[in-house]
Structures are given as C-alpha cells and as structure tokens.
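Comments concern the structure below.
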Amino acid sequence: MARNIEIKARIDSVERVAQVVAQLADSGPVEIAQDDTFFRCENSADRLKLRTFAPDRAELIFYRRANSSGPKESFYLISPTTTPDALRESLTLAWGQAGRVRKQRRLFIVGRTRVHLDRVEELGEFLELEVVLKEGESADDGVAEAHALMAQLGIGSGQLVQGAYVDLLRQQAA
C-alpha cells in the first residue's frame, strides 16, 4: 500500500493556476479524461472507486483518508483492470454505487508532487496536490511540502475543501 499527503482546493481558473504550475513543473501537462464510479463502504474514511480511462482500461482504487480539509495522509492501493464495465456491474451488485464523478484532469509533476487541475462536471474547478511519501517517511514532511507548494501557487486555507468530489456532489444535491 502506498502513502501520500493530499489537499484539495476550489480554484477560480484552471488556466490561471496552470500558468503558474507550468513554471514549476518537471513534467506535464498531461490531459486525462476520468470517469470515477464510487461504491459504498462501511467506514466513512474509506473509498472504493473504479476509475475508467477507456472501455478496456481502468483502475480499481481503494483509499483511506480523513474527511477533513487541509493536508491529510492517504493510504491507497491501485489494481489495474481491462474489463471495467464487468467490474463496475459486479461491484454495484455487491456493494451498491455511492455516486459517479466525471472530470477532465490536467496533470503536472512538481518534484515528487502530482498536481491535478480538475474540471469536475457539475462542481467546477479544483486543484489537488498529492505529495508522494517515501517508505517510513514522516507525514509531517509531506504536509510541509504541500504547504510550501500551496503558497507558491497562491492557494489560501479558505479555498481548501473537505471530502471527495463524490461527497461534494452529494452535498450539492441535498
């Protein structure tokens, strides 16, 4: 299982932030269309999603992280699949769907941090940082790195959001 530090923030413009990130990035941008189907989990900190990229390419992703705003540690496990429709149907029958999120993601790499600039259908534009932690590394090191990158990108604590996109969609619908 891998670990990282994550933050998510609402932004006013993917294009504006992309200009700043491009100056810092070691690689990118890479454009990625993602269709995420979330399945029900008993523990509110757990998420299980099927991320589909194409009819024959997807990843089943389990992750666990606190439901709080600000940088937080996340544990995750990724399992590739070439049969996303059959897997979605099986998991839906077994666990039930918790929601679906469709987004266009622009990915940059800054050092060991994945910078995602997301346009999420029905929600708007977001920045997500994922600082990949080394084996045995303190979460505090990743949090410090996330805060430093937030400052460089002009992201304030008032922009941080809590929860996954699927949670935000549910809240918006309520």
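Ordering of the structure tokens sets the chain letters (A, B, ...), residue numbers begin anew at 1 in every chain, and ligands are numbered from 1 in the order given.
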Per-residue nearest contacts of range 34-84 of chain A to range 104-124 of chain A (12 Å; only C-alpha atoms) as a tab-separated table:
```
residue	atom	partner	partner_atom	distance
A:Gln34	CA	A:Gln104	CA	6.3
A:Asp35	CA	A:Gln104	CA	8.9
A:Asp36	CA	A:Val120	CA	10.9
A:Phe53	CA	A:Gln104	CA	10.7
```
Would you write out those residues with C-alpha atoms, as a PDB file, in the first residue's frame?
```
ATOM      1  CA  GLN A  34     -11.626  10.269 -15.954  1.00  0.00           C
ATOM      2  CA  ASP A  35     -14.958   8.634 -15.141  1.00  0.00           C
ATOM      3  CA  ASP A  36     -14.988   7.548 -11.482  1.00  0.00           C
ATOM      4  CA  PHE A  53      -9.992   5.858 -18.858  1.00  0.00           C
TER       5      PHE A  53
END
```
Find the spatial neighbours of range 147-153 of chain A, counting only C-alpha atoms, within a cut-off of 7 Å - ignore same-chain residues fewer than 2 positions away - and output them as a tab-separated table (two decimals) with N, CA and C atoms, in the first residue's frame.
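As written to disk, around-v9.tsv reads:
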```tsv
chain	number	residue	atom	x	y	z
A	17	VAL	N	-4.05	28.93	-12.83
A	17	VAL	CA	-3.17	28.13	-11.99
A	17	VAL	C	-2.21	27.32	-12.86
A	20	VAL	N	1.04	29.12	-13.62
A	20	VAL	CA	1.99	29.14	-12.50
A	20	VAL	C	2.64	27.76	-12.34
A	143	VAL	N	3.37	17.15	4.59
A	143	VAL	CA	2.50	18.29	4.90
A	143	VAL	C	3.24	19.60	4.68
A	144	ALA	N	4.49	19.67	5.14
A	144	ALA	CA	5.29	20.89	4.95
A	144	ALA	C	5.49	21.17	3.47
A	145	GLU	N	5.74	20.13	2.69
A	145	GLU	CA	5.93	20.30	1.25
A	145	GLU	C	4.63	20.77	0.59
A	155	ILE	N	-2.56	29.53	-3.14
A	155	ILE	CA	-3.75	28.85	-2.61
A	155	ILE	C	-3.84	29.10	-1.12
```
- Name all residues at most 8 Å from Ile11 in chain A (count only C-alpha atoms; drop same-chain ones fewer than 6 positions away) and give them as a list in words. Glu125, Phe126, Leu127 and Gln159 of chain A
- Task: Have a look at CA of Gln171 in chain A and CA of Ile7 in chain A and let me know their distance in Å, one decimal.
- Result: 18.9 Å
Could the residues of range 2-51 of chain A that have an atom at most 8 Å from range 69-91 of chain A be listed as JSON lines, each with its closest atom pair and the distance in Å to one decimal, counting only C-alpha atoms and ordered by chain and ascending residue number?
```
{"residue": "A:Ala2", "atom": "CA", "partner": "A:Tyr76", "partner_atom": "CA", "distance": 5.5}
{"residue": "A:Arg3", "atom": "CA", "partner": "A:Phe75", "partner_atom": "CA", "distance": 4.6}
{"residue": "A:Asn4", "atom": "CA", "partner": "A:Ser74", "partner_atom": "CA", "distance": 5.4}
{"residue": "A:Ile5", "atom": "CA", "partner": "A:Glu73", "partner_atom": "CA", "distance": 4.5}
{"residue": "A:Glu6", "atom": "CA", "partner": "A:Pro71", "partner_atom": "CA", "distance": 5.3}
{"residue": "A:Ile7", "atom": "CA", "partner": "A:Pro71", "partner_atom": "CA", "distance": 4.7}
{"residue": "A:Lys8", "atom": "CA", "partner": "A:Gly70", "partner_atom": "CA", "distance": 7.4}
{"residue": "A:Thr37", "atom": "CA", "partner": "A:Arg88", "partner_atom": "CA", "distance": 7.6}
{"residue": "A:Phe39", "atom": "CA", "partner": "A:Leu91", "partner_atom": "CA", "distance": 7.1}
{"residue": "A:Leu50", "atom": "CA", "partner": "A:Arg88", "partner_atom": "CA", "distance": 7.0}
```
Restrict the selected residues to all heavy atoms and save them as a CSV table (one decimal), in the first residue's frame.
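So the final result, stored in again.csv, reads:
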```csv
chain,number,residue,atom,x,y,z
A,2,ALA,N,0.6,2.2,-0.8
A,2,ALA,CA,1.3,3.5,-0.9
A,2,ALA,C,0.7,4.5,0.0
A,2,ALA,O,-0.5,4.4,0.4
A,2,ALA,CB,1.4,3.9,-2.4
A,3,ARG,N,1.5,5.6,0.2
A,3,ARG,CA,1.0,6.7,1.1
A,3,ARG,C,1.3,8.0,0.4
A,3,ARG,O,2.4,8.1,-0.3
A,3,ARG,CB,1.7,6.7,2.4
A,3,ARG,CG,1.5,5.5,3.3
A,3,ARG,CD,2.4,5.4,4.5
A,3,ARG,NE,2.6,6.7,5.2
A,3,ARG,CZ,3.8,7.2,5.5
A,3,ARG,NH1,4.9,6.7,5.1
A,3,ARG,NH2,3.8,8.4,6.2
A,4,ASN,N,0.5,9.0,0.6
A,4,ASN,CA,0.8,10.3,0.2
A,4,ASN,C,0.1,11.3,1.1
A,4,ASN,O,-0.7,10.9,2.0
A,4,ASN,CB,0.4,10.6,-1.3
A,4,ASN,CG,-1.1,10.4,-1.6
A,4,ASN,OD1,-1.9,10.5,-0.7
A,4,ASN,ND2,-1.4,10.2,-2.8
A,5,ILE,N,0.4,12.6,0.9
A,5,ILE,CA,-0.3,13.7,1.6
A,5,ILE,C,-1.2,14.4,0.5
A,5,ILE,O,-0.6,14.7,-0.6
A,5,ILE,CB,0.7,14.7,2.2
A,5,ILE,CG1,1.5,14.0,3.3
A,5,ILE,CG2,-0.1,15.9,2.8
A,5,ILE,CD1,0.7,13.5,4.5
A,6,GLU,N,-2.4,14.6,0.8
A,6,GLU,CA,-3.3,15.2,-0.2
A,6,GLU,C,-4.0,16.5,0.3
A,6,GLU,O,-4.2,16.6,1.5
A,6,GLU,CB,-4.5,14.2,-0.5
A,6,GLU,CG,-4.0,13.0,-1.2
A,6,GLU,CD,-5.2,12.1,-1.6
A,6,GLU,OE1,-6.3,12.6,-1.6
A,6,GLU,OE2,-4.9,10.9,-1.9
A,7,ILE,N,-4.2,17.4,-0.6
A,7,ILE,CA,-5.0,18.5,-0.3
A,7,ILE,C,-5.9,18.8,-1.5
A,7,ILE,O,-5.5,18.5,-2.7
A,7,ILE,CB,-4.3,19.8,0.0
A,7,ILE,CG1,-3.4,20.3,-1.1
A,7,ILE,CG2,-3.4,19.7,1.2
A,7,ILE,CD1,-3.9,21.7,-1.6
A,8,LYS,N,-7.1,19.3,-1.3
A,8,LYS,CA,-8.0,19.7,-2.4
A,8,LYS,C,-8.4,21.1,-2.2
A,8,LYS,O,-8.8,21.5,-1.0
A,8,LYS,CB,-9.1,18.7,-2.5
A,8,LYS,CG,-10.1,19.0,-3.7
A,8,LYS,CD,-11.2,18.0,-3.6
A,8,LYS,CE,-10.8,16.7,-4.1
A,8,LYS,NZ,-10.9,15.6,-3.3
A,37,THR,N,-16.5,5.8,-10.7
A,37,THR,CA,-17.7,5.2,-10.1
A,37,THR,C,-17.3,4.9,-8.7
A,37,THR,O,-16.4,4.0,-8.5
A,37,THR,CB,-18.2,4.0,-10.9
A,37,THR,OG1,-18.5,4.4,-12.2
A,37,THR,CG2,-19.5,3.5,-10.2
A,39,PHE,N,-18.2,3.2,-4.9
A,39,PHE,CA,-19.0,2.2,-4.3
A,39,PHE,C,-19.1,2.4,-2.8
A,39,PHE,O,-18.2,3.0,-2.2
A,39,PHE,CB,-18.4,0.8,-4.7
A,39,PHE,CG,-18.3,0.6,-6.2
A,39,PHE,CD1,-17.1,0.9,-6.8
A,39,PHE,CD2,-19.4,0.2,-6.9
A,39,PHE,CE1,-17.0,0.7,-8.2
A,39,PHE,CE2,-19.3,0.0,-8.3
A,39,PHE,CZ,-18.1,0.3,-8.9
A,50,LEU,N,-13.9,2.9,-9.1
A,50,LEU,CA,-13.4,2.4,-10.4
A,50,LEU,C,-13.2,3.6,-11.3
A,50,LEU,O,-14.1,4.3,-11.6
A,50,LEU,CB,-14.4,1.4,-11.0
A,50,LEU,CG,-14.0,0.8,-12.4
A,50,LEU,CD1,-12.8,-0.1,-12.2
A,50,LEU,CD2,-15.2,0.0,-12.9
```
- Message: For a test of reading the model, state the distance in Å between CA of Gly158 in chain A and CA of Ile32 in chain A, rounded to one decimal.
- Response: 27.4 Å
- Exercise: Ala164 in chain A partners within 12 Å, only C-alpha atoms, chain neighbours under 5 positions left out, as a ChimeraX atom specification: /A:6-9,36,38,44-49,63-69,98-101,120,123,126,128,169-171
Using only N, CA, C and O atoms, please write the residues we just selected to a file, as a CSV table (one decimal), in the first residue's frame.
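To be explicit, this is the file written out as part-v9.csv:
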```csv
chain,number,residue,atom,x,y,z
A,6,GLU,N,-2.4,14.6,0.8
A,6,GLU,CA,-3.3,15.2,-0.2
A,6,GLU,C,-4.0,16.5,0.3
A,6,GLU,O,-4.2,16.6,1.5
A,7,ILE,N,-4.2,17.4,-0.6
A,7,ILE,CA,-5.0,18.5,-0.3
A,7,ILE,C,-5.9,18.8,-1.5
A,7,ILE,O,-5.5,18.5,-2.7
A,8,LYS,N,-7.1,19.3,-1.3
A,8,LYS,CA,-8.0,19.7,-2.4
A,8,LYS,C,-8.4,21.1,-2.2
A,8,LYS,O,-8.8,21.5,-1.0
A,9,ALA,N,-8.4,22.0,-3.2
A,9,ALA,CA,-8.9,23.4,-3.1
A,9,ALA,C,-9.7,23.8,-4.3
A,9,ALA,O,-9.5,23.3,-5.4
A,36,ASP,N,-15.1,8.3,-12.7
A,36,ASP,CA,-15.0,7.5,-11.5
A,36,ASP,C,-16.3,7.1,-10.9
A,36,ASP,O,-17.2,7.9,-10.7
A,38,PHE,N,-18.0,5.4,-7.7
A,38,PHE,CA,-17.7,5.1,-6.3
A,38,PHE,C,-18.7,4.1,-5.8
A,38,PHE,O,-19.9,4.1,-6.1
A,44,SER,N,-16.6,5.5,6.9
A,44,SER,CA,-16.7,6.8,6.2
A,44,SER,C,-15.4,7.4,5.7
A,44,SER,O,-15.3,8.3,4.9
A,45,ALA,N,-14.2,6.9,6.2
A,45,ALA,CA,-12.9,7.4,5.8
A,45,ALA,C,-12.4,6.5,4.6
A,45,ALA,O,-11.5,6.9,3.9
A,46,ASP,N,-13.1,5.5,4.2
A,46,ASP,CA,-12.7,4.6,3.1
A,46,ASP,C,-13.4,5.0,1.9
A,46,ASP,O,-14.6,5.4,1.9
A,47,ARG,N,-12.8,4.8,0.7
A,47,ARG,CA,-13.3,5.0,-0.6
A,47,ARG,C,-12.9,3.8,-1.5
A,47,ARG,O,-11.8,3.4,-1.4
A,48,LEU,N,-13.8,3.4,-2.3
A,48,LEU,CA,-13.5,2.4,-3.3
A,48,LEU,C,-14.1,2.9,-4.6
A,48,LEU,O,-15.3,3.2,-4.7
A,49,LYS,N,-13.2,3.2,-5.6
A,49,LYS,CA,-13.7,3.7,-6.9
A,49,LYS,C,-13.1,3.0,-8.1
A,49,LYS,O,-12.0,2.5,-8.0
A,63,TYR,N,-8.9,3.7,-1.2
A,63,TYR,CA,-8.0,4.6,-0.4
A,63,TYR,C,-8.7,5.0,0.9
A,63,TYR,O,-10.0,4.8,1.0
A,64,ARG,N,-7.9,5.3,1.9
A,64,ARG,CA,-8.4,5.7,3.2
A,64,ARG,C,-7.8,7.0,3.6
A,64,ARG,O,-6.5,7.1,3.6
A,65,ARG,N,-8.6,8.0,3.9
A,65,ARG,CA,-8.1,9.3,4.4
A,65,ARG,C,-9.1,10.0,5.2
A,65,ARG,O,-10.3,9.7,5.1
A,66,ALA,N,-8.7,10.9,6.1
A,66,ALA,CA,-9.6,11.6,7.0
A,66,ALA,C,-10.5,12.5,6.1
A,66,ALA,O,-10.1,13.0,5.1
A,67,ASN,N,-11.7,12.7,6.6
A,67,ASN,CA,-12.6,13.6,6.0
A,67,ASN,C,-12.5,15.0,6.6
A,67,ASN,O,-13.3,15.5,7.3
A,68,SER,N,-11.4,15.6,6.3
A,68,SER,CA,-11.1,17.0,6.8
A,68,SER,C,-10.5,17.8,5.7
A,68,SER,O,-9.9,17.3,4.7
A,69,SER,N,-10.5,19.1,5.9
A,69,SER,CA,-9.9,20.0,4.9
A,69,SER,C,-8.4,20.1,5.3
A,69,SER,O,-8.0,19.8,6.4
A,98,ALA,N,-22.2,4.6,-4.8
A,98,ALA,CA,-22.3,5.8,-3.9
A,98,ALA,C,-22.3,7.0,-4.8
A,98,ALA,O,-22.6,8.1,-4.2
A,99,GLY,N,-22.0,6.9,-6.1
A,99,GLY,CA,-22.0,8.1,-6.9
A,99,GLY,C,-21.0,8.0,-8.1
A,99,GLY,O,-20.2,7.0,-8.1
A,100,ARG,N,-21.1,8.9,-8.9
A,100,ARG,CA,-20.2,8.9,-10.1
A,100,ARG,C,-19.7,10.3,-10.4
A,100,ARG,O,-20.5,11.3,-10.2
A,101,VAL,N,-18.4,10.4,-10.7
A,101,VAL,CA,-17.8,11.7,-10.9
A,101,VAL,C,-17.1,11.7,-12.3
A,101,VAL,O,-16.2,10.8,-12.5
A,120,VAL,N,-14.5,19.5,-12.9
A,120,VAL,CA,-15.4,18.4,-12.5
A,120,VAL,C,-16.8,18.8,-12.9
A,120,VAL,O,-17.3,19.8,-12.6
A,123,LEU,N,-19.6,20.5,-10.7
A,123,LEU,CA,-18.9,21.1,-9.5
A,123,LEU,C,-18.1,22.3,-9.7
A,123,LEU,O,-18.0,23.2,-8.9
A,126,PHE,N,-10.9,22.7,-9.6
A,126,PHE,CA,-10.2,22.4,-8.4
A,126,PHE,C,-8.8,22.1,-8.7
A,126,PHE,O,-8.4,21.7,-9.7
A,128,GLU,N,-5.7,19.8,-6.9
A,128,GLU,CA,-5.5,18.7,-5.9
A,128,GLU,C,-4.0,18.4,-5.9
A,128,GLU,O,-3.3,18.3,-7.0
A,169,LEU,N,-20.6,16.4,-4.6
A,169,LEU,CA,-21.8,16.3,-5.4
A,169,LEU,C,-23.0,15.9,-4.6
A,169,LEU,O,-24.1,16.5,-4.8
A,170,ARG,N,-22.9,15.0,-3.6
A,170,ARG,CA,-24.0,14.6,-2.8
A,170,ARG,C,-24.5,15.8,-2.0
A,170,ARG,O,-25.7,16.0,-1.8
A,171,GLN,N,-23.5,16.6,-1.4
A,171,GLN,CA,-23.9,17.8,-0.6
A,171,GLN,C,-24.6,18.8,-1.5
A,171,GLN,O,-25.6,19.4,-1.0
```
